[in-house]
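Here the structure comes first, spelled out in structure tokens, and everything after it is commentary.
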Amino acid sequence: MIASPVPIAGEQGPHYVYDGQEVERSIAALRRALPGFGLLYSMKANPFRPLLKLMRRQGLGIDAASAGEVQAALAAGFAPADIFYSCPGKTGGDLAFALDRAVLVADSLGELARIESLAASLGRTVRIGLRVNPAASLGPEPGADLDPKGAPSKFGIDEELLLSRLGEVKRLRHVEVDGIHVYLRSQVCCARAVCALASRCVQTALALGQGLERRLSWVNVGGGFGTASVLDLQALRQGMAGLGARLPSVRLFAESGRYLVARAGTFFTPVVDVKTSRGVRYCITGGTLDCMLRPSLALLLARLDGGAPAWPIEPLYSSPDCHRVRLVKAGGEEASGPAQTVTVAGPLCTALDVLAEGVQLPRPETGDWIAVSNAGAYCASLSPAGFASRPGAREYLV
């Protein structure tokens with residue numbers, strides 16, 4: 001458990017505080033577990049510009065999920081060769097913009113054809129990657145074994161389809177397949193499952209390289225490293241150790257967003273009113289659902305399901321106890337005093353604007369702060385800040 005950041009001095013409204021040293025510790029831990037791997041930061045987890053610059057200083061590349069993220073990575077100082085642009089539904093404008101600004105990763109055979117046409121119109125050859133949907137899947141339960149039957153997915157090209165169409169890929173005159181990207185699932189907390197997925201990715205890369213009669217230069221085995229429980233990094237290191245030998249002279253990458261930044265973030269929202277309604281004590285804050293959606297969504301899903309959902313729906317939801325709620329004073333010290341049952345809600349005109357129900361906190365007072373942990377990933381970037389035309393939460397890297 002890291003020492004919690006404190007509210008930014010002088011700040012009056014909801015804001016996020018990210019602990020840069022904790023991010024660096026997470027990077028170092030993942031590097032120790034993955035020797036020989038390059039790390040890509042999945043910036044959709046948190047695209048805050050100072051965080052991107054920290055990632056660049058630490059020597060990471062970028063996994064970009066939109067042309068806007070490519071632009072943000074370039075603005076943060078990343079070189080085009082270190083930005084891997086992979087997502088479904090790229091438009092012609094997206095492809096033209098990113099052609100020289102990132103490593104394009106085609107998500108479908110149709111997109112591959114469009115890249116070929118674009119490169120031909122420019123009279124040049126481009127090297128790209130392919131996102132592959134492997135002929136294997138992973139069950140929802142932690143530690144589940146790989147199922148040899150692949151599942152349908154909006155992401156990537158089905159492995160068996162790709163292997164059956166390699167003749168067409170080889171005949172492309174303006175595109176050379178240089179690498180592959182395989183990613184099956186997020187929030188995987190079992191090291192054995194992560195290693196099984198990575199091994200399956202290497203197997204796919206070998207089959208593709210043999211079919212194309214060329215050596216790939218890079219392979220992204222994905223990641224999905226979870227934070228809901230402790231990921232055994234020693235087991236991860238042991239399970240991943242032999243993968244490089246199966247792909248000599250190939251750059252291996254793993255990507256991560258949540259694992260690197262989730263624990264480094266704390267969300268602070270000010271207590272602006274305290275009231276009691278028919279025996280329920282309400283702590284009204286300056287921003288909840290509009291600034292940090294995830295806890296409110298977790299409560300909604302729990303109500304709809306008659307309790308907590310059995311498995312996460314990521315990145316919108318991880319677990320009902322993912323975010324610890326505390327009451328702190330303006331200086332950051334933990335509030336003290338007898339605990340009382342409190343419902344923490346926000347100022348929006350919707351009953352969904354609730355951060356926590358029935359939590360035990362010292363008596364809240366106007367001027368105090370509600371602090372929420374594990375707020376570094378998929379929090380500020382996912383929240384509907386435009387709701388009710390209220391100002392969004394500010395962000396700080398300390």
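In the structure tokens, the first chain shown is A, the next is B, and so on; residue numbers restart at 1 for each chain, and ligands run from 1 in the order shown.
With only C-alpha atoms taken into account, the protein and nucleic acid residues at most 10 Å from stretch 337-339 of chain A (excluding it and anything under 6 positions from it in its own chain) are Val359, Gln360, Leu361, Pro362, Arg363 and Pro364 of chain A.
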Write the residues of the selection above to a file with all heavy atoms, as a tab-separated table (two decimals), in the first residue's frame.
chain	number	residue	atom	x	y	z
A	359	VAL	N	-21.05	3.54	3.49
A	359	VAL	CA	-19.66	3.39	3.91
A	359	VAL	C	-19.49	3.96	5.32
A	359	VAL	O	-20.23	4.85	5.75
A	359	VAL	CB	-18.69	4.08	2.94
A	359	VAL	CG1	-18.68	3.38	1.61
A	359	VAL	CG2	-19.03	5.55	2.77
A	360	GLN	N	-18.51	3.43	6.03
A	360	GLN	CA	-18.21	3.88	7.38
A	360	GLN	C	-17.11	4.94	7.32
A	360	GLN	O	-15.98	4.65	6.92
A	360	GLN	CB	-17.77	2.70	8.25
A	360	GLN	CG	-18.84	1.65	8.46
A	360	GLN	CD	-20.02	2.20	9.25
A	360	GLN	OE1	-19.86	2.71	10.37
A	360	GLN	NE2	-21.21	2.10	8.68
A	361	LEU	N	-17.46	6.18	7.68
A	361	LEU	CA	-16.51	7.28	7.66
A	361	LEU	C	-16.67	8.11	8.93
A	361	LEU	O	-17.75	8.13	9.54
A	361	LEU	CB	-16.76	8.19	6.46
A	361	LEU	CG	-16.57	7.61	5.05
A	361	LEU	CD1	-17.00	8.64	4.00
A	361	LEU	CD2	-15.12	7.21	4.82
A	362	PRO	N	-15.60	8.81	9.36
A	362	PRO	CA	-15.79	9.81	10.42
A	362	PRO	C	-16.80	10.85	9.95
A	362	PRO	O	-17.08	10.98	8.76
A	362	PRO	CB	-14.39	10.41	10.59
A	362	PRO	CG	-13.46	9.39	10.02
A	362	PRO	CD	-14.20	8.72	8.91
A	363	ARG	N	-17.33	11.62	10.88
A	363	ARG	CA	-18.35	12.60	10.54
A	363	ARG	C	-17.82	13.60	9.52
A	363	ARG	O	-16.88	14.35	9.79
A	363	ARG	CB	-18.80	13.34	11.80
A	363	ARG	CG	-19.90	14.37	11.56
A	363	ARG	CD	-20.26	15.07	12.85
A	363	ARG	NE	-21.32	16.06	12.61
A	363	ARG	CZ	-22.61	15.77	12.65
A	363	ARG	NH1	-23.01	14.54	12.93
A	363	ARG	NH2	-23.52	16.71	12.42
A	364	PRO	N	-18.40	13.63	8.30
A	364	PRO	CA	-17.89	14.57	7.28
A	364	PRO	C	-18.36	15.98	7.57
A	364	PRO	O	-19.47	16.20	8.09
A	364	PRO	CB	-18.50	14.03	5.98
A	364	PRO	CG	-19.74	13.32	6.41
A	364	PRO	CD	-19.47	12.77	7.78
Contacts of A:Ser381 at 9 Å (only C-alpha atoms; same-chain gap of 3+ positions) as JSON, numbers by chain | {"A": [44, 45, 46, 47, 48, 292, 377, 378, 384]}
Excluding A:Arg32 and residues on its chain fewer than 6 positions from it, collect all residues at most 9 Å away from it, counting only C-alpha atoms, and give them as an mmCIF file with C-alpha atoms, in the first residue's frame.
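As written to disk, around_18.cif reads:
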data_model
loop_
_atom_site.group_PDB
_atom_site.id
_atom_site.type_symbol
_atom_site.label_atom_id
_atom_site.label_comp_id
_atom_site.auth_asym_id
_atom_site.auth_seq_id
_atom_site.Cartn_x
_atom_site.Cartn_y
_atom_site.Cartn_z
ATOM 1 C CA LEU A 233 5.525 -11.407 -10.895
ATOM 2 C CA GLN A 234 8.013 -14.189 -10.112
ATOM 3 C CA ARG A 237 9.058 -14.068 -15.091
#
Where does DSSP see strand (DSSP E or B) in stretch 328-394 of chain A, if you list the residues as a PyMOL selection string?
-> chain A and resi 328+334+339-345+354-362+369-372+394
Any chance you could export the current selection's N, CA and C atoms as a PDB file, in the first residue's frame?
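Output contents, as saved in again.pdb:
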ATOM      1  N   VAL A 328     -10.629  12.800   4.224  1.00  0.00           N
ATOM      2  CA  VAL A 328      -9.394  13.466   4.627  1.00  0.00           C
ATOM      3  C   VAL A 328      -9.657  14.954   4.820  1.00  0.00           C
ATOM      4  N   GLU A 334      -5.675  12.019   7.481  1.00  0.00           N
ATOM      5  CA  GLU A 334      -6.885  11.214   7.587  1.00  0.00           C
ATOM      6  C   GLU A 334      -7.808  11.797   8.658  1.00  0.00           C
ATOM      7  N   ALA A 339     -16.974   6.490  13.703  1.00  0.00           N
ATOM      8  CA  ALA A 339     -17.465   6.209  12.363  1.00  0.00           C
ATOM      9  C   ALA A 339     -18.981   6.270  12.325  1.00  0.00           C
ATOM     10  N   GLN A 340     -19.501   6.732  11.218  1.00  0.00           N
ATOM     11  CA  GLN A 340     -20.933   6.713  10.985  1.00  0.00           C
ATOM     12  C   GLN A 340     -21.195   6.230   9.558  1.00  0.00           C
ATOM     13  N   THR A 341     -22.399   5.742   9.317  1.00  0.00           N
ATOM     14  CA  THR A 341     -22.752   5.234   7.999  1.00  0.00           C
ATOM     15  C   THR A 341     -23.154   6.392   7.106  1.00  0.00           C
ATOM     16  N   VAL A 342     -22.473   6.494   5.952  1.00  0.00           N
ATOM     17  CA  VAL A 342     -22.641   7.649   5.068  1.00  0.00           C
ATOM     18  C   VAL A 342     -22.824   7.167   3.628  1.00  0.00           C
ATOM     19  N   THR A 343     -23.669   7.860   2.880  1.00  0.00           N
ATOM     20  CA  THR A 343     -23.754   7.687   1.424  1.00  0.00           C
ATOM     21  C   THR A 343     -23.114   8.899   0.775  1.00  0.00           C
ATOM     22  N   VAL A 344     -22.110   8.652  -0.066  1.00  0.00           N
ATOM     23  CA  VAL A 344     -21.381   9.733  -0.732  1.00  0.00           C
ATOM     24  C   VAL A 344     -21.985   9.926  -2.116  1.00  0.00           C
ATOM     25  N   ALA A 345     -22.497  11.125  -2.377  1.00  0.00           N
ATOM     26  CA  ALA A 345     -23.165  11.423  -3.643  1.00  0.00           C
ATOM     27  C   ALA A 345     -22.625  12.728  -4.212  1.00  0.00           C
ATOM     28  N   VAL A 354     -23.973   8.590  -7.433  1.00  0.00           N
ATOM     29  CA  VAL A 354     -23.592   8.117  -6.098  1.00  0.00           C
ATOM     30  C   VAL A 354     -22.240   7.422  -6.208  1.00  0.00           C
ATOM     31  N   LEU A 355     -21.321   7.809  -5.338  1.00  0.00           N
ATOM     32  CA  LEU A 355     -19.984   7.229  -5.349  1.00  0.00           C
ATOM     33  C   LEU A 355     -19.889   6.005  -4.445  1.00  0.00           C
ATOM     34  N   ALA A 356     -20.550   6.050  -3.301  1.00  0.00           N
ATOM     35  CA  ALA A 356     -20.501   4.932  -2.351  1.00  0.00           C
ATOM     36  C   ALA A 356     -21.736   4.977  -1.470  1.00  0.00           C
ATOM     37  N   GLU A 357     -22.291   3.808  -1.185  1.00  0.00           N
ATOM     38  CA  GLU A 357     -23.462   3.704  -0.324  1.00  0.00           C
ATOM     39  C   GLU A 357     -23.103   2.986   0.967  1.00  0.00           C
ATOM     40  N   GLY A 358     -23.541   3.534   2.099  1.00  0.00           N
ATOM     41  CA  GLY A 358     -23.388   2.849   3.369  1.00  0.00           C
ATOM     42  C   GLY A 358     -21.960   2.621   3.806  1.00  0.00           C
ATOM     43  N   VAL A 359     -21.053   3.545   3.488  1.00  0.00           N
ATOM     44  CA  VAL A 359     -19.662   3.391   3.912  1.00  0.00           C
ATOM     45  C   VAL A 359     -19.491   3.960   5.320  1.00  0.00           C
ATOM     46  N   GLN A 360     -18.513   3.430   6.032  1.00  0.00           N
ATOM     47  CA  GLN A 360     -18.214   3.884   7.383  1.00  0.00           C
ATOM     48  C   GLN A 360     -17.106   4.942   7.317  1.00  0.00           C
ATOM     49  N   LEU A 361     -17.462   6.177   7.683  1.00  0.00           N
ATOM     50  CA  LEU A 361     -16.509   7.282   7.659  1.00  0.00           C
ATOM     51  C   LEU A 361     -16.670   8.105   8.933  1.00  0.00           C
ATOM     52  N   PRO A 362     -15.598   8.815   9.356  1.00  0.00           N
ATOM     53  CA  PRO A 362     -15.789   9.807  10.419  1.00  0.00           C
ATOM     54  C   PRO A 362     -16.799  10.854   9.950  1.00  0.00           C
ATOM     55  N   TRP A 369     -12.415  16.471   2.345  1.00  0.00           N
ATOM     56  CA  TRP A 369     -12.279  15.869   1.019  1.00  0.00           C
ATOM     57  C   TRP A 369     -12.594  14.382   1.093  1.00  0.00           C
ATOM     58  N   ILE A 370     -13.283  13.890   0.080  1.00  0.00           N
ATOM     59  CA  ILE A 370     -13.409  12.457  -0.137  1.00  0.00           C
ATOM     60  C   ILE A 370     -12.264  12.039  -1.059  1.00  0.00           C
ATOM     61  N   ALA A 371     -11.505  11.031  -0.638  1.00  0.00           N
ATOM     62  CA  ALA A 371     -10.382  10.527  -1.434  1.00  0.00           C
ATOM     63  C   ALA A 371     -10.693   9.106  -1.887  1.00  0.00           C
ATOM     64  N   VAL A 372     -10.444   8.832  -3.166  1.00  0.00           N
ATOM     65  CA  VAL A 372     -10.745   7.531  -3.759  1.00  0.00           C
ATOM     66  C   VAL A 372      -9.473   6.956  -4.363  1.00  0.00           C
ATOM     67  N   ARG A 394      -9.690  18.395 -12.631  1.00  0.00           N
ATOM     68  CA  ARG A 394      -8.326  18.682 -13.051  1.00  0.00           C
ATOM     69  C   ARG A 394      -7.431  17.482 -12.743  1.00  0.00           C
TER      70      ARG A 394
END
Residues at most 8 Å from A:Cys87, counting only C-alpha atoms, excluding those fewer than 3 positions away in the same chain, as a PDB file with all heavy atoms, in the first residue's frame?
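Written file, part_25.pdb:
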ATOM      1  N   ALA A  64      -1.388   2.906 -29.175  1.00  0.00           N
ATOM      2  CA  ALA A  64      -2.378   3.942 -29.457  1.00  0.00           C
ATOM      3  C   ALA A  64      -3.633   3.316 -30.035  1.00  0.00           C
ATOM      4  O   ALA A  64      -3.561   2.434 -30.882  1.00  0.00           O
ATOM      5  CB  ALA A  64      -1.804   4.980 -30.428  1.00  0.00           C
ATOM      6  N   ALA A  65      -4.793   3.819 -29.596  1.00  0.00           N
ATOM      7  CA  ALA A  65      -6.067   3.253 -30.019  1.00  0.00           C
ATOM      8  C   ALA A  65      -6.886   4.226 -30.859  1.00  0.00           C
ATOM      9  O   ALA A  65      -8.062   3.969 -31.104  1.00  0.00           O
ATOM     10  CB  ALA A  65      -6.869   2.803 -28.806  1.00  0.00           C
ATOM     11  N   SER A  66      -6.288   5.313 -31.302  1.00  0.00           N
ATOM     12  CA  SER A  66      -6.983   6.247 -32.181  1.00  0.00           C
ATOM     13  C   SER A  66      -5.947   7.172 -32.809  1.00  0.00           C
ATOM     14  O   SER A  66      -4.807   7.278 -32.333  1.00  0.00           O
ATOM     15  CB  SER A  66      -8.008   7.085 -31.404  1.00  0.00           C
ATOM     16  OG  SER A  66      -7.354   8.003 -30.545  1.00  0.00           O
ATOM     17  N   LYS A  90     -10.501   2.001 -38.328  1.00  0.00           N
ATOM     18  CA  LYS A  90      -9.736   3.158 -38.791  1.00  0.00           C
ATOM     19  C   LYS A  90     -10.321   3.652 -40.113  1.00  0.00           C
ATOM     20  O   LYS A  90     -10.559   2.873 -41.027  1.00  0.00           O
ATOM     21  CB  LYS A  90      -8.269   2.800 -38.983  1.00  0.00           C
ATOM     22  CG  LYS A  90      -7.557   2.248 -37.764  1.00  0.00           C
ATOM     23  CD  LYS A  90      -6.077   1.995 -38.089  1.00  0.00           C
ATOM     24  CE  LYS A  90      -5.396   1.139 -37.045  1.00  0.00           C
ATOM     25  NZ  LYS A  90      -5.822  -0.273 -37.091  1.00  0.00           N
ATOM     26  N   VAL A 105      -1.133  -0.970 -37.499  1.00  0.00           N
ATOM     27  CA  VAL A 105      -1.458  -2.370 -37.237  1.00  0.00           C
ATOM     28  C   VAL A 105      -2.854  -2.614 -37.812  1.00  0.00           C
ATOM     29  O   VAL A 105      -3.851  -2.140 -37.261  1.00  0.00           O
ATOM     30  CB  VAL A 105      -1.425  -2.696 -35.731  1.00  0.00           C
ATOM     31  CG1 VAL A 105      -1.727  -4.179 -35.499  1.00  0.00           C
ATOM     32  CG2 VAL A 105      -0.058  -2.338 -35.139  1.00  0.00           C
ATOM     33  N   ALA A 106      -2.919  -3.321 -38.938  1.00  0.00           N
ATOM     34  CA  ALA A 106      -4.189  -3.551 -39.622  1.00  0.00           C
ATOM     35  C   ALA A 106      -5.066  -4.479 -38.794  1.00  0.00           C
ATOM     36  O   ALA A 106      -4.606  -5.511 -38.301  1.00  0.00           O
ATOM     37  CB  ALA A 106      -3.947  -4.137 -41.007  1.00  0.00           C
ATOM     38  N   ASP A 107      -6.345  -4.122 -38.692  1.00  0.00           N
ATOM     39  CA  ASP A 107      -7.269  -4.873 -37.858  1.00  0.00           C
ATOM     40  C   ASP A 107      -8.144  -5.832 -38.655  1.00  0.00           C
ATOM     41  O   ASP A 107      -8.831  -6.666 -38.074  1.00  0.00           O
ATOM     42  CB  ASP A 107      -8.151  -3.897 -37.070  1.00  0.00           C
ATOM     43  CG  ASP A 107      -8.948  -4.573 -35.985  1.00  0.00           C
ATOM     44  OD1 ASP A 107      -8.356  -4.889 -34.932  1.00  0.00           O
ATOM     45  OD2 ASP A 107     -10.152  -4.803 -36.187  1.00  0.00           O
ATOM     46  N   PHE A 155     -12.041  -7.469 -32.642  1.00  0.00           N
ATOM     47  CA  PHE A 155     -10.638  -7.107 -32.730  1.00  0.00           C
ATOM     48  C   PHE A 155      -9.860  -8.128 -33.563  1.00  0.00           C
ATOM     49  O   PHE A 155      -9.884  -9.326 -33.269  1.00  0.00           O
ATOM     50  CB  PHE A 155     -10.006  -7.031 -31.333  1.00  0.00           C
ATOM     51  CG  PHE A 155     -10.650  -6.023 -30.429  1.00  0.00           C
ATOM     52  CD1 PHE A 155     -11.490  -6.428 -29.405  1.00  0.00           C
ATOM     53  CD2 PHE A 155     -10.420  -4.671 -30.602  1.00  0.00           C
ATOM     54  CE1 PHE A 155     -12.086  -5.501 -28.565  1.00  0.00           C
ATOM     55  CE2 PHE A 155     -11.016  -3.735 -29.769  1.00  0.00           C
ATOM     56  CZ  PHE A 155     -11.848  -4.146 -28.753  1.00  0.00           C
TER      57      PHE A 155
END
Show which residues sit within 8 Å of A:Arg56, as a VMD selection string. Count only C-alpha atoms, and ignore same-chain residues fewer than 4 positions away.
-> chain A and resid 52 60 to 61 76 to 78
Any chance you can output those residues with N, CA, C and O atoms as a PDB file, in the first residue's frame?
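Okay, this is what ended up in result26.pdb:
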ATOM      1  N   LEU A  52       2.359  10.830 -20.060  1.00  0.00           N
ATOM      2  CA  LEU A  52       2.959  10.353 -21.304  1.00  0.00           C
ATOM      3  C   LEU A  52       4.447  10.720 -21.358  1.00  0.00           C
ATOM      4  O   LEU A  52       5.284   9.902 -21.770  1.00  0.00           O
ATOM      5  N   LEU A  60       9.513   3.722 -22.537  1.00  0.00           N
ATOM      6  CA  LEU A  60       8.414   2.925 -23.043  1.00  0.00           C
ATOM      7  C   LEU A  60       7.988   3.413 -24.423  1.00  0.00           C
ATOM      8  O   LEU A  60       8.245   4.558 -24.805  1.00  0.00           O
ATOM      9  N   GLY A  61       7.321   2.535 -25.172  1.00  0.00           N
ATOM     10  CA  GLY A  61       6.630   2.932 -26.383  1.00  0.00           C
ATOM     11  C   GLY A  61       5.162   3.121 -26.073  1.00  0.00           C
ATOM     12  O   GLY A  61       4.733   3.057 -24.924  1.00  0.00           O
ATOM     13  N   ALA A  76       3.897  14.435 -27.132  1.00  0.00           N
ATOM     14  CA  ALA A  76       4.634  14.148 -25.898  1.00  0.00           C
ATOM     15  C   ALA A  76       6.081  13.760 -26.181  1.00  0.00           C
ATOM     16  O   ALA A  76       6.836  13.495 -25.242  1.00  0.00           O
ATOM     17  N   GLY A  77       6.472  13.710 -27.457  1.00  0.00           N
ATOM     18  CA  GLY A  77       7.867  13.471 -27.803  1.00  0.00           C
ATOM     19  C   GLY A  77       8.209  12.070 -28.260  1.00  0.00           C
ATOM     20  O   GLY A  77       9.376  11.762 -28.487  1.00  0.00           O
ATOM     21  N   PHE A  78       7.217  11.185 -28.421  1.00  0.00           N
ATOM     22  CA  PHE A  78       7.508   9.829 -28.884  1.00  0.00           C
ATOM     23  C   PHE A  78       7.828   9.837 -30.374  1.00  0.00           C
ATOM     24  O   PHE A  78       7.224  10.582 -31.157  1.00  0.00           O
TER      25      PHE A  78
END
Polymer residues at most 12 Å from A:Ile27, only C-alpha atoms, same-chain spacing of 3 or more positions, as a ChimeraX atom specification | /A:20-24,30-34,38-41,54-60,254-261,264
How would the residues just chosen look if you wrote them out with C-alpha atoms as a PDB file, in the first residue's frame?
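Result file follows (out-v1.pdb):
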ATOM      1  CA  GLY A  20       4.972   9.630 -10.477  1.00  0.00           C
ATOM      2  CA  GLN A  21       7.254   7.589  -8.215  1.00  0.00           C
ATOM      3  CA  GLU A  22       4.609   4.870  -7.918  1.00  0.00           C
ATOM      4  CA  VAL A  23       4.332   4.749 -11.717  1.00  0.00           C
ATOM      5  CA  GLU A  24       8.112   4.348 -11.941  1.00  0.00           C
ATOM      6  CA  LEU A  30       7.115  -5.173 -14.740  1.00  0.00           C
ATOM      7  CA  ARG A  31      10.518  -4.874 -16.388  1.00  0.00           C
ATOM      8  CA  ARG A  32      12.027  -7.237 -13.818  1.00  0.00           C
ATOM      9  CA  ALA A  33       9.259  -9.724 -14.594  1.00  0.00           C
ATOM     10  CA  LEU A  34       9.719  -9.397 -18.366  1.00  0.00           C
ATOM     11  CA  GLY A  38       9.986  -3.850 -24.597  1.00  0.00           C
ATOM     12  CA  LEU A  39       7.073  -2.204 -22.786  1.00  0.00           C
ATOM     13  CA  LEU A  40       4.274  -0.301 -24.509  1.00  0.00           C
ATOM     14  CA  TYR A  41       2.013   1.998 -22.517  1.00  0.00           C
ATOM     15  CA  LEU A  54       7.089  10.272 -17.880  1.00  0.00           C
ATOM     16  CA  MET A  55       6.568   7.084 -19.911  1.00  0.00           C
ATOM     17  CA  ARG A  56       8.805   8.442 -22.675  1.00  0.00           C
ATOM     18  CA  ARG A  57      11.555   9.300 -20.192  1.00  0.00           C
ATOM     19  CA  GLN A  58      11.292   5.762 -18.837  1.00  0.00           C
ATOM     20  CA  GLY A  59      11.872   4.337 -22.328  1.00  0.00           C
ATOM     21  CA  LEU A  60       8.414   2.925 -23.043  1.00  0.00           C
ATOM     22  CA  ALA A 254       4.170  -6.479 -23.865  1.00  0.00           C
ATOM     23  CA  GLU A 255       1.661  -3.720 -23.274  1.00  0.00           C
ATOM     24  CA  SER A 256       0.125  -2.389 -20.102  1.00  0.00           C
ATOM     25  CA  GLY A 257      -2.019   0.501 -18.998  1.00  0.00           C
ATOM     26  CA  ARG A 258      -3.893  -0.379 -15.829  1.00  0.00           C
ATOM     27  CA  TYR A 259      -1.010  -2.153 -14.097  1.00  0.00           C
ATOM     28  CA  LEU A 260       1.324   0.810 -14.589  1.00  0.00           C
ATOM     29  CA  VAL A 261      -0.913   3.674 -13.490  1.00  0.00           C
ATOM     30  CA  ALA A 264      -0.712   5.667  -8.648  1.00  0.00           C
TER      31      ALA A 264
END
Calculate how many Å separate atom CA of A:Val230 from atom CA of A:Arg263, rounding to one decimal.
-> 12.2 Å
Run DSSP on the backbone and grab whatever in stretch 6-57 of chain A lands in helix (DSSP H, G or I); send it over as a list in words.
-> Gly20, Gln21, Glu22, Val23, Glu24, Arg25, Ser26, Ile27, Ala28, Ala29, Leu30, Arg31, Arg32, Ala33, Met43, Lys44, Ala45, Arg49, Pro50, Leu51, Leu52, Lys53, Leu54, Met55, Arg56 and Arg57 of chain A
Atoms kept (N, CA and C atoms) for selection, written as an mmCIF file, in the first residue's frame:
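File again22.cif, as written:
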data_model
loop_
_atom_site.group_PDB
_atom_site.id
_atom_site.type_symbol
_atom_site.label_atom_id
_atom_site.label_comp_id
_atom_site.auth_asym_id
_atom_site.auth_seq_id
_atom_site.Cartn_x
_atom_site.Cartn_y
_atom_site.Cartn_z
ATOM 1 N N GLY A 20 4.015 10.036 -9.463
ATOM 2 C CA GLY A 20 4.972 9.630 -10.477
ATOM 3 C C GLY A 20 5.939 8.556 -9.996
ATOM 4 N N GLN A 21 6.324 8.603 -8.725
ATOM 5 C CA GLN A 21 7.254 7.589 -8.215
ATOM 6 C C GLN A 21 6.600 6.212 -8.195
ATOM 7 N N GLU A 22 5.293 6.153 -7.900
ATOM 8 C CA GLU A 22 4.609 4.870 -7.918
ATOM 9 C C GLU A 22 4.523 4.321 -9.343
ATOM 10 N N VAL A 23 4.319 5.190 -10.321
ATOM 11 C CA VAL A 23 4.332 4.749 -11.717
ATOM 12 C C VAL A 23 5.702 4.160 -12.064
ATOM 13 N N GLU A 24 6.758 4.835 -11.652
ATOM 14 C CA GLU A 24 8.112 4.348 -11.941
ATOM 15 C C GLU A 24 8.374 3.009 -11.258
ATOM 16 N N ARG A 25 7.854 2.833 -10.038
ATOM 17 C CA ARG A 25 8.014 1.547 -9.357
ATOM 18 C C ARG A 25 7.293 0.429 -10.107
ATOM 19 N N SER A 26 6.114 0.725 -10.624
ATOM 20 C CA SER A 26 5.366 -0.284 -11.377
ATOM 21 C C SER A 26 6.080 -0.644 -12.674
ATOM 22 N N ILE A 27 6.648 0.356 -13.342
ATOM 23 C CA ILE A 27 7.418 0.091 -14.556
ATOM 24 C C ILE A 27 8.599 -0.815 -14.237
ATOM 25 N N ALA A 28 9.333 -0.490 -13.170
ATOM 26 C CA ALA A 28 10.506 -1.283 -12.797
ATOM 27 C C ALA A 28 10.113 -2.715 -12.450
ATOM 28 N N ALA A 29 8.994 -2.892 -11.741
ATOM 29 C CA ALA A 29 8.553 -4.231 -11.363
ATOM 30 C C ALA A 29 8.189 -5.056 -12.584
ATOM 31 N N LEU A 30 7.511 -4.435 -13.538
ATOM 32 C CA LEU A 30 7.115 -5.173 -14.740
ATOM 33 C C LEU A 30 8.330 -5.502 -15.598
ATOM 34 N N ARG A 31 9.298 -4.597 -15.628
ATOM 35 C CA ARG A 31 10.518 -4.874 -16.388
ATOM 36 C C ARG A 31 11.295 -6.047 -15.775
ATOM 37 N N ARG A 32 11.334 -6.116 -14.461
ATOM 38 C CA ARG A 32 12.027 -7.237 -13.818
ATOM 39 C C ARG A 32 11.328 -8.556 -14.142
ATOM 40 N N ALA A 33 10.020 -8.508 -14.297
ATOM 41 C CA ALA A 33 9.259 -9.724 -14.594
ATOM 42 C C ALA A 33 9.319 -10.103 -16.065
ATOM 43 N N MET A 43 -2.126 3.929 -23.738
ATOM 44 C CA MET A 43 -2.408 5.271 -23.245
ATOM 45 C C MET A 43 -3.893 5.534 -23.079
ATOM 46 N N LYS A 44 -4.778 4.664 -23.601
ATOM 47 C CA LYS A 44 -6.202 4.861 -23.340
ATOM 48 C C LYS A 44 -6.513 4.757 -21.852
ATOM 49 N N ALA A 45 -5.645 4.086 -21.077
ATOM 50 C CA ALA A 45 -5.846 3.993 -19.633
ATOM 51 C C ALA A 45 -5.781 5.358 -18.980
ATOM 52 N N ARG A 49 -1.022 14.267 -20.384
ATOM 53 C CA ARG A 49 0.242 14.574 -21.069
ATOM 54 C C ARG A 49 1.484 14.403 -20.185
ATOM 55 N N PRO A 50 1.515 14.918 -18.949
ATOM 56 C CA PRO A 50 2.705 14.692 -18.125
ATOM 57 C C PRO A 50 2.997 13.211 -17.873
ATOM 58 N N LEU A 51 1.948 12.384 -17.773
ATOM 59 C CA LEU A 51 2.178 10.945 -17.628
ATOM 60 C C LEU A 51 2.816 10.371 -18.886
ATOM 61 N N LEU A 52 2.359 10.830 -20.060
ATOM 62 C CA LEU A 52 2.959 10.353 -21.304
ATOM 63 C C LEU A 52 4.447 10.720 -21.358
ATOM 64 N N LYS A 53 4.764 11.924 -20.937
ATOM 65 C CA LYS A 53 6.173 12.338 -20.944
ATOM 66 C C LYS A 53 6.994 11.500 -19.968
ATOM 67 N N LEU A 54 6.395 11.157 -18.826
ATOM 68 C CA LEU A 54 7.089 10.272 -17.880
ATOM 69 C C LEU A 54 7.363 8.924 -18.532
ATOM 70 N N MET A 55 6.388 8.370 -19.233
ATOM 71 C CA MET A 55 6.568 7.084 -19.911
ATOM 72 C C MET A 55 7.686 7.169 -20.947
ATOM 73 N N ARG A 56 7.739 8.282 -21.678
ATOM 74 C CA ARG A 56 8.805 8.442 -22.675
ATOM 75 C C ARG A 56 10.169 8.492 -22.003
ATOM 76 N N ARG A 57 10.271 9.232 -20.901
ATOM 77 C CA ARG A 57 11.555 9.300 -20.192
ATOM 78 C C ARG A 57 11.976 7.934 -19.668
#
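Excluding stretch 211-222 of chain A and any residue on its chain fewer than 5 positions from it, the residues at most 7 Å away by only C-alpha atoms are Leu166, Lys170, Asp178, Gly179, Ile180, His181, Val182, Tyr183, Ala198, Cys201, Val250, Arg251, Leu252, Phe253, Ala254 and Glu255 of chain A.
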Taking only C-alpha atoms into account, which of A:Leu162, A:Val175, A:Ile115, A:Ala380 comes nearest A:Tyr396?
-> A:Ala380
From the list A:Pro5, A:Pro134, A:Gly156, A:Gly367, the nearest residue to A:Ala330 using only C-alpha atoms is A:Gly367
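With only C-alpha atoms as the basis for measurement, A:Cys195 is the residue among A:Cys195, A:Ala245, A:Leu118, A:Ala96 that approaches A:Leu138 most closely.
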